[in-house]
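Novice: Here it is, the structure, as structure tokens.
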Amino acid sequence: MKKNGIKGIKQGAGANKNIIKTVLSHIGKYKFYLLFSVIMAAVSVVLTLYIPILTGRAVDCIVGAGNVNFKELFEILKTMAVIILITALVQWLMNTSNNKIAYQVVRDVRKEAFEKLQILPLKYIDSHSHGDIVSRVIADVDQFSDGLLLGFTQFFTGVVTILGTLLFMLSINVSTTIVVVILTPLSFCIAGFIAKRTFNMSKLQSETRGEQTALINEIIDNQKVVKAFVREEKVTEQFDEINQRLNKASVKAIFFSSLTNPCTRFVNSIVYAGVGIMGAFFAIKGHISVGQLTSFLSYANQYTKPFNEISGVITELQTALACAGRVFELIEEEPQIPDSADAVTLDMPDGRVAMENVSFSYTSEQKLIQDFNLNVKKGQRVAIVGPTGCGKTTVINLLMRFYDVNSGSIKIDGTDIRNITRKSLRGSFGMVLQETWLHAGTIRENIVMGKPDATDEEVTAAARAAHAHSFIKRLPKGYDTVITEDGGSLSQGQKQLLCITRVMLCLPPMLILDEATSSIDTRTEIKISQAFNTMMKGRTSFIVAHRLSTIREADIILVMKDGNIIEQGNHDELMAKENGFYAKLYQSQF
Amino acid sequence: MKSLLKYMKGYEKESILAPLFKMLEASFELMVPLVMAAIIDKGIAENDVSYIFRLGGVLILLAAVGLASAVTAQYFSAKAAVGFATRLRDALFSHIQSLSYRELDTIGTNTLITRMTSDVNQLQNGVNLTLRLLLRSPFIVFGAMIMAFTVDVKAAFVFVAAIPLLAIVVFGIMIASIPLYRKVQSALDKILGRTRENLSGVRVIRAFCNEDAQTEAFTAENEELLDLQVFVGKISAAMNPVTYIIVNIALVVLLHTGAVRVDNGIITQGEVVALVNYMSQILVELVKLANLIIQLTKALACAKRIEGVFAITSAMKDGIQPVDETDDDVIKFDHAGLIYGDSSEEALTDIDFAVKKGETVGIIGGTGSGKTSLVNLIPRFYDATAGNVMINGKNIKEYSMESLRKKIGIVPQKAVLFKGTIKENLLWGNENAAQKDIEDALFVSQSKEFVDEKEGRLDFMITQGGKNLSGGQRQRLTIARALVKNPDILILDDSSSALDYATDLKLRTAIRRMRDDMTVIIVSQRTSSIQSADKIIVMDDGHIAGIGTHDELLAGNDIYREIYDSQYKRSENAD
């Protein structure tokens with residue numbers, strides 16, 4: 001993070017340009033709305049600018065006591081009323097169109113971010129804080145939308161107003177206009193200076209915020225553990241520390257970005273004074289009328305106001321860009337290697353699995369699996385055993401291609417899995433993981449994940465086979481009971497039964513069972529293992545389990561230790577090995 | 001919002017000074033039209049060039065003083081707003097810490113996280129804007145009206161008519177949009193939930209090739225949010241145009257009234273210009289006010305939701321007594337029952353048993369039979385809804401929760417570790433644990449071997465959620481964490497499920513060798529884990545189906561025998 005910070009400062013300008021480019025390419029999709037907005041903005045501005053001229057003319061009709069041209073005044077006032085109504089309508093149309101653009105762009109960005117999440121390599125997701133990723137997709141995009149909206153509503157009108165005012169002013173008096181034009185760049189300089197300083201500050205602010213969100217995520221997610229260990233005060237202290245840092249970063253970021261307005265307003269006032277003096281001077285000389293001076297003064301206000309707004313918008317956009325940068329960083333993250341163009345689709349494979357000279361490690365420092373060979377025939381059962389923490393799940397990561405091997409290859413029915421579409425590869429495996437995962441929704445929705453078009457009968461049949469039917473039926477709304485994220489009130493065992501039901505429903509030709517039975521009572525487990533046995537018949541299965549008795553029936557046993565596969569063979573072969581690791585492990589159970 | 005105001009405490013000075021300086025700036029702005037009127041009526045009419053220059057100087061002076069006041073105001077308001085948000089977050093976080101399991105069950109984690117992050121941020125913006133603009137804008141609006149009165153009373157009545165009309169429009173739109181913004185926020189909550197879910201369940205989603213379905217669902221929720229936002233946007237977008245109409249029509253009326261007054265010789269041309277200027281100042285301020293109100297409505301909706309979290313308070317009252325050593329039964333359940341949330345069925349019914357100090361108790365039973373519910377009553381994670389739970393002879397409610405939980409080491413089913421070093425995680429049990437205590441705990445929990453292999457040993461950094469450890473390693477560290485407490489009561493809630501038999505056996509042997517007076521409660525699915533316990537409680541569907549030793553139960557309890565047989569026979573078959 002810190003390294004990035006420094007890099008960010010150095011590359012600030014360049015990175016910014018890239019972010020702007022990306023943002024623009026997203027807006028480009030809504031050309032029609034954009035065009036409409038621009039036209040409406042132009043119309044609205046021209047009409048708005050016409051009002052001061054009419055006001056000036058009206059003032060000129062009111063010279064003094066007994067010297068008022070009521071006839072002309074009435075005409076002017078009537079025109080004003082009509083223009084006012086049209087202007088209001090045009091403004092509303094423009095605002096609505098701007099809203100549409102901003103929110104649609106945000107919708108698109110969120111969608112892209114979410115779609116990206118689906119194709120990011122597991123390596124990224126495993127190694128990044130989920131809270132931080134969530135904050136990018138939600139909070140940062142939100143901030144970005146606020147900035148974008150403000151940018152639209154005010155940037156357009158701002159630019160058009162400046163141009164329009166210049167023209168109108170020039171049409172009245174050239175020298176006074178020059179005063180205005182000379183003084184206003186000051187406004188830009190100040191705004192530019194402030195914007196530059198604020199960018200890094202708001203970046204620090206949003207980074208600190210990300211750090212805090214990550215902590216909040218972690219603690220609140222596991223609030224019960226915190227309470228069990230009476231750690232409430234300690235975590236609060238930890239939180240306070242980040243909170244204080246966020247406070248400092250925020251005060252700075254907010255104060256400096258809020259300086260833009262008063263500073264540019266000051267420049268305005270100077271312009272206003274300049275116009276007042278010059279205008280009065282010309283009025284004495286008779287170059288302009290008092291009414292025209294009035295128009296001029298409102299123009300001076302209107303001309304500088306957009307500068308105000310634009311500079312305000314620029315600071316807002318800085319924040320928005322910093323946030324957008326974080327989202328786009330996620331979106332532009334290297335995705336997993338896409339399926340190759342000639343990737344084949346596995347259709348009901350036999351289930352022959354071969355690992356040839358496979359080497360793999362998560363980090364380059366720590367070598368794990370090296371030069372590993374394995375040959376599994378159709379319908380064989382492979383048990384992966386070893387002491388706790390020996391890296392048994394790594395094999396699953398490789399088989400499912402959550403991670404790619406560093407060298408060597410894994411083949412299914414003789415085809416390298418890198419030449420198989422991920423979808424069909426993963427669809428050919430039925431997987432029950434040690435950590436149950438359910439999503440918010442109904443029980444049925446959770447079950448049909450792998451087969452969305454399953455009929456009610458199929459769902460019930462699968463649930464019966466997994467012995468989940470009876471407890472589901474007892475739930476308040478049966479299969480339509482809505483469960484919260486992560487299962488909520490369901491017991492660990494019930495959650496596991498649901499996960500098993502999921503696999504039962506699809507019954508793919510190969511199975512991966514990862515300690516799937518660890519939280520189910522043995523009575524239920526027996527029934528399930530019977531179901532599993534039927535399920536495994538004729539299907540190549542990989543089982544990560546601790547119960548040696550079940551492993552004994554396996555055709556191949558892989559014994560793992562410290563991430564390496566150290567022994568391979570069936571039960572009798574391994575038991576025959578004098579001083580074999582497996583033999584020792586087996587004996588220690590009894 | 002009212003109840004949240006107390007977090008402004010300590011920032012009273014800033015929150016008074018910020019608007020004051022803002023108003024000061026506004027006052028200087030209000031003087032500008034009068035100076036301009038003087039330039040027109042006196043400078044131009046009397047061809048007095050030096051007078052014009054003098055008054056021009058006054059204008060610049062007013063601007064400079066205005067700038068100084070504004071910068072001061074911005075500083076104070078930034079400080080106050082950020083300070084407020086910081087304290088609010090602190091308070092919210094502490095409040096969440098004070099909630100009991102029962103409340104945590106009902107409020108979703110997602111909700112709490114959005115409240116703490118984006119809601120508080122919105123509120124911070126709201127406070128900042130309020131301090132800067134909420135007083136300033138009405139001040140200019142009313143100030144302009146009062147200044148108009150000093151120019152001409154009759155013309156000023158145009159202002160009197162226009163301002164209430166503006167107020168109605170502004171507040172009307174505000175009232176209409178508040179509930180809508182709340183809807184937008186809950187739509188956003190949904191999206192947040194799905195995003196989190198997709199991260200935590202990434203393996204399952206990909207294994208079931210569910211990516212497209214998830215994206216589809218997300219898209220639908222995203223569209224829903226878009227529709228809401230666009231709808232609310234349409235309403236808020238009306239604010240500017242409508243106020244524009246009112247102010248400019250008022251301007252037309254003002255010009256007409258002014259014309260009549262000038263014709264009658266009551267006011268001058270310069271004064272009409274001043275009146276027109278005041279009207280345009282009002283318009284400028286209103287645009288700001290309208291934006292402010294949009295922000296404020298959002299902020300208020302957020303405030304309401306934050307207040308909602310504060311409104312949830314723990315139903316459990318903390319006791320005051322410390323836990324003392326006595327000779328009474330260390331744990332006694334007196335016909336205790338438990339009902340979760342608004343469920344109608346009891347999760348536990350008539351639980352009645354006692355445990356003596358130093359005993360090892362095994363609890364066994366099927367999935368959903370109430371084992372975890374039972375042990376959750378011992379550290380008072382939940383209060384029994386019927387009967388009583390006694391610790392050391394006294395009702396559990398009399399003890400302070402802190403002293404109670406410090407005496408109890410619990411290893412929950414879900415092995416959760418936190419970001420930090422191994423040592424930091426272990427110190428959760430006891431902040432002051434000596435190095436030896438930690439080493440002992442590692443040894444007993446069978447973690448020593450793998451910890452020794454980690455780079456930096458105890459200083460090995462665990463990533464968030466313990467993702468760089470295997471399930472079994474996490475589980476053993478959570479056991480070590482509970483042991484570092486050196487608890488009087490140790491509860492293992494099915495905590496060896498990810499351990500192989502050999503490790504499990506070693507673990508149990510080591511625990512038994514620890515302290516004689518430590519009461520150990522083991523919840524397990526495996527008879528082998530509890531077989532040698534002094535007392536085994538067999539749970540079935542929320543009831544106690546039997547209590548006794550292994551041999552007694554084997555002889556007289558059908559359920560226990562069935563469980564035992566299922567496991568024993570299996571190994572026998574295997575042999």
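Residues are referred to by chain and number: the chain letter is A, B, ... according to the order shown in the structure tokens, the number counts from 1 in that chain, and ligands are numbered separately from 1 in the order shown.
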Determine, counting only C-alpha atoms, which protein, DNA and RNA residues have an atom within 9 Å of an atom of Lys100 in chain A; residues of the same chain fewer than 6 positions away are not included. Present the result as a PyMOL selection string.
Specialist: (chain A and resi 33) or (chain B and resi 226+229-230+233)
Novice: Report as a list of chain:residue names: the residues of range 171-380 of chain A with a DSSP assignment of strand (DSSP E or B), based on the backbone of this structure.
Specialist: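 The strand (DSSP E or B) subset of range 171-380 of chain A is A:Val344, A:Val353, A:Ala354, A:Met355, A:Glu356, A:Asn357, A:Val358, A:Ser359, A:Phe360, A:Ile369, A:Gln370, A:Asp371, A:Phe372, A:Asn373, A:Leu374, A:Asn375, A:Val376.
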Novice: Could you name the residues that touch range 288-295 of chain B at 7 Å or less, counting only C-alpha atoms, but leaving out those on the same chain fewer than 2 positions away, as an MDAnalysis selection string?
Specialist: chainID B and resid 126 129 137 170 174 239:240 284:286 297:299
Novice: Please, what distance in Å, to one decimal, runs between CA of Glu398 in chain B and CA of Ser369 in chain B?
Specialist: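 Rounded to one decimal, the two atoms are 28.6 Å apart.
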Novice: Could you list, as a ChimeraX atom specification, every residue within 12 Å of Ile146 in chain B, counting only C-alpha atoms and ignoring same-chain residues fewer than 4 positions away?
Specialist: /B:27,30-31,138-142,150-153,155-160,163,275,278-279
Novice: Which residues are near Asn95 in chain A? Cut-off 10 Å, only C-alpha atoms, ignore same chain within fewer than 2 positions. Put them as a ChimeraX atom specification.
Specialist: /A:37,40-41,90-93,97-101,149,152-154 /B:233-234,236-238,240-241
Novice: If you keep C-alpha atoms, can you produce a file of those selected residues as a PDB file, in the first residue's frame?
Specialist:
ATOM      1  CA  SER A  37     -27.776  17.306 -22.281  1.00  0.00           C
ATOM      2  CA  MET A  40     -30.356  21.575 -23.313  1.00  0.00           C
ATOM      3  CA  ALA A  41     -27.463  23.113 -21.437  1.00  0.00           C
ATOM      4  CA  VAL A  90     -35.151  23.056 -20.184  1.00  0.00           C
ATOM      5  CA  GLN A  91     -33.185  22.950 -16.933  1.00  0.00           C
ATOM      6  CA  TRP A  92     -35.308  20.130 -15.603  1.00  0.00           C
ATOM      7  CA  LEU A  93     -34.892  18.119 -18.772  1.00  0.00           C
ATOM      8  CA  SER A  97     -30.787  13.541 -18.543  1.00  0.00           C
ATOM      9  CA  ASN A  98     -27.618  14.135 -16.531  1.00  0.00           C
ATOM     10  CA  ASN A  99     -28.932  11.915 -13.760  1.00  0.00           C
ATOM     11  CA  LYS A 100     -29.571   9.221 -16.289  1.00  0.00           C
ATOM     12  CA  ILE A 101     -26.056   9.399 -17.680  1.00  0.00           C
ATOM     13  CA  LEU A 149     -23.263  13.776 -11.363  1.00  0.00           C
ATOM     14  CA  PHE A 152     -22.202  16.847 -15.357  1.00  0.00           C
ATOM     15  CA  THR A 153     -24.762  19.222 -13.986  1.00  0.00           C
ATOM     16  CA  GLN A 154     -22.240  21.939 -13.378  1.00  0.00           C
TER      17      GLN A 154
ATOM     18  CA  GLY B 233     -33.168  12.134  -9.340  1.00  0.00           C
ATOM     19  CA  LYS B 234     -36.182  13.291 -11.338  1.00  0.00           C
ATOM     20  CA  SER B 236     -34.736  16.349  -6.913  1.00  0.00           C
ATOM     21  CA  ALA B 237     -34.004  17.732 -10.374  1.00  0.00           C
ATOM     22  CA  ALA B 238     -37.211  19.742 -10.118  1.00  0.00           C
ATOM     23  CA  ASN B 240     -33.681  24.173  -9.227  1.00  0.00           C
ATOM     24  CA  PRO B 241     -36.089  24.953 -12.060  1.00  0.00           C
TER      25      PRO B 241
END
Novice: Just give me the gap between CA of Asp342 in chain A and CA of Ser541 in chain A in Å, one decimal is fine.
Specialist: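 These atoms are spaced 27.5 Å apart.
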Novice: Please provide the set of residues having any atom within 6 Å of Leu338 in chain B, restricted to only C-alpha atoms, with same-chain residues fewer than 4 positions apart removed, written as a PyMOL selection string.
Specialist: chain B and resi 346-348+384-385
Novice: Show me, as a list in words, the residues that have an atom within 10 Å of Glu445 in chain A when counting only C-alpha atoms, minus same-chain residues fewer than 3 positions from it.
Specialist: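 What passes the distance filter is Leu438, His439, Ala440, Gly441, Thr442, Val448, Met449, Gly450, Lys451, Pro452, Tyr479, Asp480, Thr481, Val482 and Arg502 of chain A.
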Novice: Store the residues picked out above in a file with C-alpha atoms, as a compact mmCIF listing (two decimals), in the first residue's frame.
Specialist:
# COMPACT_ATOMS: atom_id res chain seq x y z
CA LEU A 438 -24.63 -20.75 1.39
CA HIS A 439 -25.92 -17.58 -0.13
CA ALA A 440 -28.81 -15.36 0.88
CA GLY A 441 -31.94 -16.72 -0.73
CA THR A 442 -34.28 -19.66 -0.40
CA VAL A 448 -30.22 -25.65 -7.59
CA MET A 449 -26.99 -23.68 -7.97
CA GLY A 450 -25.49 -26.28 -10.26
CA LYS A 451 -28.71 -27.07 -12.11
CA PRO A 452 -30.98 -24.04 -12.20
CA TYR A 479 -37.85 -25.36 0.54
CA ASP A 480 -38.93 -21.76 0.21
CA THR A 481 -37.49 -20.73 3.57
CA VAL A 482 -35.27 -17.74 3.07
CA ARG A 502 -26.33 -29.48 -4.21
Novice: What is the distance between CA of Lys495 in chain A and CA of Gln118 in chain A, in Å to one decimal?
Specialist: 23.6 Å
